[in-house]
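Colleague: Dropping a structure here in structure tokens format, bear with me for questions.
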Amino acid sequence: MSKIKKYDTIIFDLDGTLLNTLEDLTDSVNYALELYGYPKRTIEEIREFVGNGVARLIALAVPGGVDDPYYKECLEANKKYYTENMSNKTVPYKGIMDLLAQLKKENYKLAVVSNKMDKVVKGLVQKFFGEYVQVAIGETDNISKKPAPDTVLKALDELRSSPDKTIYVGDSEVDVKTAKNSGLICVGVTWGFRNRDVLEKEGADFIINEPMELINIIHSLQIMPAT
């Protein structure tokens with residue numbers, strides 16, 4: 001009996017999944033906080049704050065949240081600094097380049113969706129993964145950010161794919177919710193910004209500890225008898 005692929009598309013989160021961006025994120029937040037005389041945040045605090053976009057990140061970082069008198073100024077200072085310094089210390093996680101190379105070899109369509117600013121997402125993806133990833137989408141004013149399904153559906157449209165052919169890979173509760181809201185199988189990763197307990201609580205379909213484990217999961221899911 002002949003076999004065909006059931007899944008041909010993989011969508012990845014960016015921060016904590018493909019790239020370790022935590023040091024650059026911490027530096028950019030602390031740069032903005034220092035400008036306005038606020039105490040610095042630790043890297044572990046920033047780890048907990050990220051995942052819901054830059055506005056939420058700064059709201060959590062400044063002492064008074066969105067009601068702080070310098071919230072907007074800190075937000076803009078952070079955006080400017082991070083855009084100019086987004087790859088000073090950022091690197092792909094160990095094993096990610098091998099994973100992407102294998103997925104390309106097997107002819108999967110690959111996309112990245114993130115709650116980072118769209119121009120930053122596109123810049124980082126082009127710098128690190130331009131050979132492998134066809135579509136990269138981040139936060140803009142005219143599309144709802146994750147966990148809404150909008151960025152995922154936009155990526156699928158650009159890839160000419162569909163939810164029933166797609167697997168989503170991410171490291172956080174936002175990613176699991178995004179996958180569920182988009183109708184996708186979710187693979188959670190433990191090397192990022194959240195731990196296994198968070199992924200299990202949110203109901204990730206699979207959880208992996210090393211990037212290349214994804215290949216085995218895909219292979220176990222993708223084959224179905226031809227009709």
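In the structure tokens, chains take letters A, B, ... by order of appearance, with residues numbered from 1 within each chain and ligands from 1 in the order shown.
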Check region 39-221 of chain A with DSSP on the backbone and list each residue it calls helix (DSSP H, G or I), as JSON, numbers by chain.
Modeller: {"A": [43, 44, 45, 46, 47, 48, 49, 54, 55, 56, 57, 58, 59, 60, 61, 65, 66, 67, 71, 72, 73, 74, 75, 76, 77, 78, 79, 80, 81, 82, 83, 84, 96, 97, 98, 99, 100, 101, 102, 103, 104, 105, 118, 119, 120, 121, 122, 123, 124, 125, 126, 127, 128, 129, 150, 151, 152, 153, 154, 155, 156, 157, 158, 159, 163, 164, 165, 173, 174, 175, 176, 177, 178, 179, 180, 181, 182, 196, 197, 198, 199, 200, 201, 202, 213, 214, 215, 216, 217, 218, 219, 220, 221]}
Colleague: Mind checking which residues fall within 9 Å of Thr178 (chain A), counting only C-alpha atoms, ignoring those fewer than 3 positions away in the same chain, and posting them as a PyMOL selection string?
Modeller: chain A and resi 146-149+152+168+173-175+181-184+186
Colleague: I need the residues from that last selection saved to file as a compact mmCIF listing (two decimals), in the first residue's frame (with N, CA, C and O atoms), if you can.
Modeller:
```txt
# COMPACT_ATOMS: atom_id res chain seq x y z
N LYS A 146 -0.72 36.22 19.22
CA LYS A 146 -0.98 34.97 19.90
C LYS A 146 -1.42 35.24 21.34
O LYS A 146 -0.92 36.20 21.94
N PRO A 147 -2.33 34.44 21.90
CA PRO A 147 -2.80 33.13 21.45
C PRO A 147 -3.95 33.15 20.43
O PRO A 147 -4.49 32.08 20.14
N ALA A 148 -4.35 34.33 19.94
CA ALA A 148 -5.31 34.34 18.83
C ALA A 148 -4.69 33.59 17.65
O ALA A 148 -3.46 33.59 17.48
N PRO A 149 -5.48 32.98 16.81
CA PRO A 149 -4.94 32.18 15.71
C PRO A 149 -4.52 32.99 14.49
O PRO A 149 -4.00 32.42 13.52
N VAL A 152 -1.00 32.61 12.90
CA VAL A 152 -0.85 31.26 12.37
C VAL A 152 -1.60 31.12 11.05
O VAL A 152 -1.06 30.59 10.06
N TYR A 168 2.45 22.55 15.21
CA TYR A 168 2.95 23.77 15.85
C TYR A 168 3.95 23.40 16.94
O TYR A 168 3.70 22.49 17.73
N GLU A 173 2.99 28.55 27.54
CA GLU A 173 1.54 28.40 27.62
C GLU A 173 0.85 29.16 26.50
O GLU A 173 -0.19 28.72 25.99
N VAL A 174 1.41 30.27 26.08
CA VAL A 174 0.85 31.02 24.96
C VAL A 174 0.87 30.18 23.69
O VAL A 174 -0.08 30.18 22.91
N ASP A 175 1.94 29.43 23.51
CA ASP A 175 2.06 28.60 22.31
C ASP A 175 1.06 27.45 22.30
O ASP A 175 0.46 27.15 21.27
N ASN A 181 -6.14 27.08 19.61
CA ASN A 181 -7.05 28.04 18.97
C ASN A 181 -6.98 27.96 17.45
O ASN A 181 -7.91 28.38 16.76
N SER A 182 -5.88 27.43 16.93
CA SER A 182 -5.69 27.31 15.48
C SER A 182 -6.03 25.93 14.95
O SER A 182 -5.96 25.69 13.75
N GLY A 183 -6.37 25.02 15.85
CA GLY A 183 -6.70 23.66 15.44
C GLY A 183 -5.50 22.82 15.06
O GLY A 183 -5.61 21.91 14.23
N LEU A 184 -4.35 23.09 15.68
CA LEU A 184 -3.12 22.39 15.33
C LEU A 184 -2.66 21.46 16.45
O LEU A 184 -2.88 21.72 17.63
N CYS A 186 0.10 20.34 18.92
CA CYS A 186 1.13 21.16 19.56
C CYS A 186 2.25 20.29 20.13
O CYS A 186 1.99 19.36 20.91
```
Colleague: Any idea what's packed within 8 Å of Glu48 (chain A), counting only C-alpha atoms, ignoring anything in its chain fewer than 4 positions away? Could you give it as a PyMOL selection string?
Modeller: chain A and resi 44+193-194
Colleague: Give me the residues within 9 Å of region 208-222 of chain A as a ChimeraX atom specification, counting only C-alpha atoms and dropping any in the same chain fewer than 4 places off.
Modeller: /A:4-8,93-96,98-99,102-103,165,167,169,187-191
Colleague: Selection from above, C-alpha atoms, as a PDB file, in the first residue's frame, can you write it?
Modeller:
```pdb
ATOM      1  CA  ILE A   4       1.484   9.811   1.678  1.00  0.00           C
ATOM      2  CA  LYS A   5       2.381  12.569   4.109  1.00  0.00           C
ATOM      3  CA  LYS A   6      -0.428  13.759   6.292  1.00  0.00           C
ATOM      4  CA  TYR A   7       1.533  16.740   7.637  1.00  0.00           C
ATOM      5  CA  ASP A   8       3.691  18.911   5.395  1.00  0.00           C
ATOM      6  CA  TYR A  93      19.503  26.645  20.646  1.00  0.00           C
ATOM      7  CA  LYS A  94      21.772  23.629  20.336  1.00  0.00           C
ATOM      8  CA  GLY A  95      20.438  21.264  17.688  1.00  0.00           C
ATOM      9  CA  ILE A  96      18.093  23.742  16.008  1.00  0.00           C
ATOM     10  CA  ASP A  98      20.402  20.414  12.394  1.00  0.00           C
ATOM     11  CA  LEU A  99      16.637  20.130  12.880  1.00  0.00           C
ATOM     12  CA  GLN A 102      16.612  17.900   8.160  1.00  0.00           C
ATOM     13  CA  LEU A 103      13.136  19.393   7.777  1.00  0.00           C
ATOM     14  CA  LYS A 165      -1.564  19.591   7.516  1.00  0.00           C
ATOM     15  CA  ILE A 167       2.187  20.909  13.449  1.00  0.00           C
ATOM     16  CA  VAL A 169       6.116  23.898  17.995  1.00  0.00           C
ATOM     17  CA  VAL A 187       4.655  20.010  20.366  1.00  0.00           C
ATOM     18  CA  GLY A 188       6.023  21.724  23.468  1.00  0.00           C
ATOM     19  CA  VAL A 189       9.775  22.129  24.025  1.00  0.00           C
ATOM     20  CA  THR A 190      11.461  22.126  27.428  1.00  0.00           C
ATOM     21  CA  TRP A 191      14.644  24.029  26.580  1.00  0.00           C
TER      22      TRP A 191
END
```
Colleague: With only C-alpha atoms as the atoms that count, which of A:Gly170, A:Phe12, A:Glu34, A:Thr42 lies nearest to Gly192 (chain A)?
Modeller: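 Using only C-alpha atoms, the shortest distance to Gly192 (chain A) belongs to A:Gly170.
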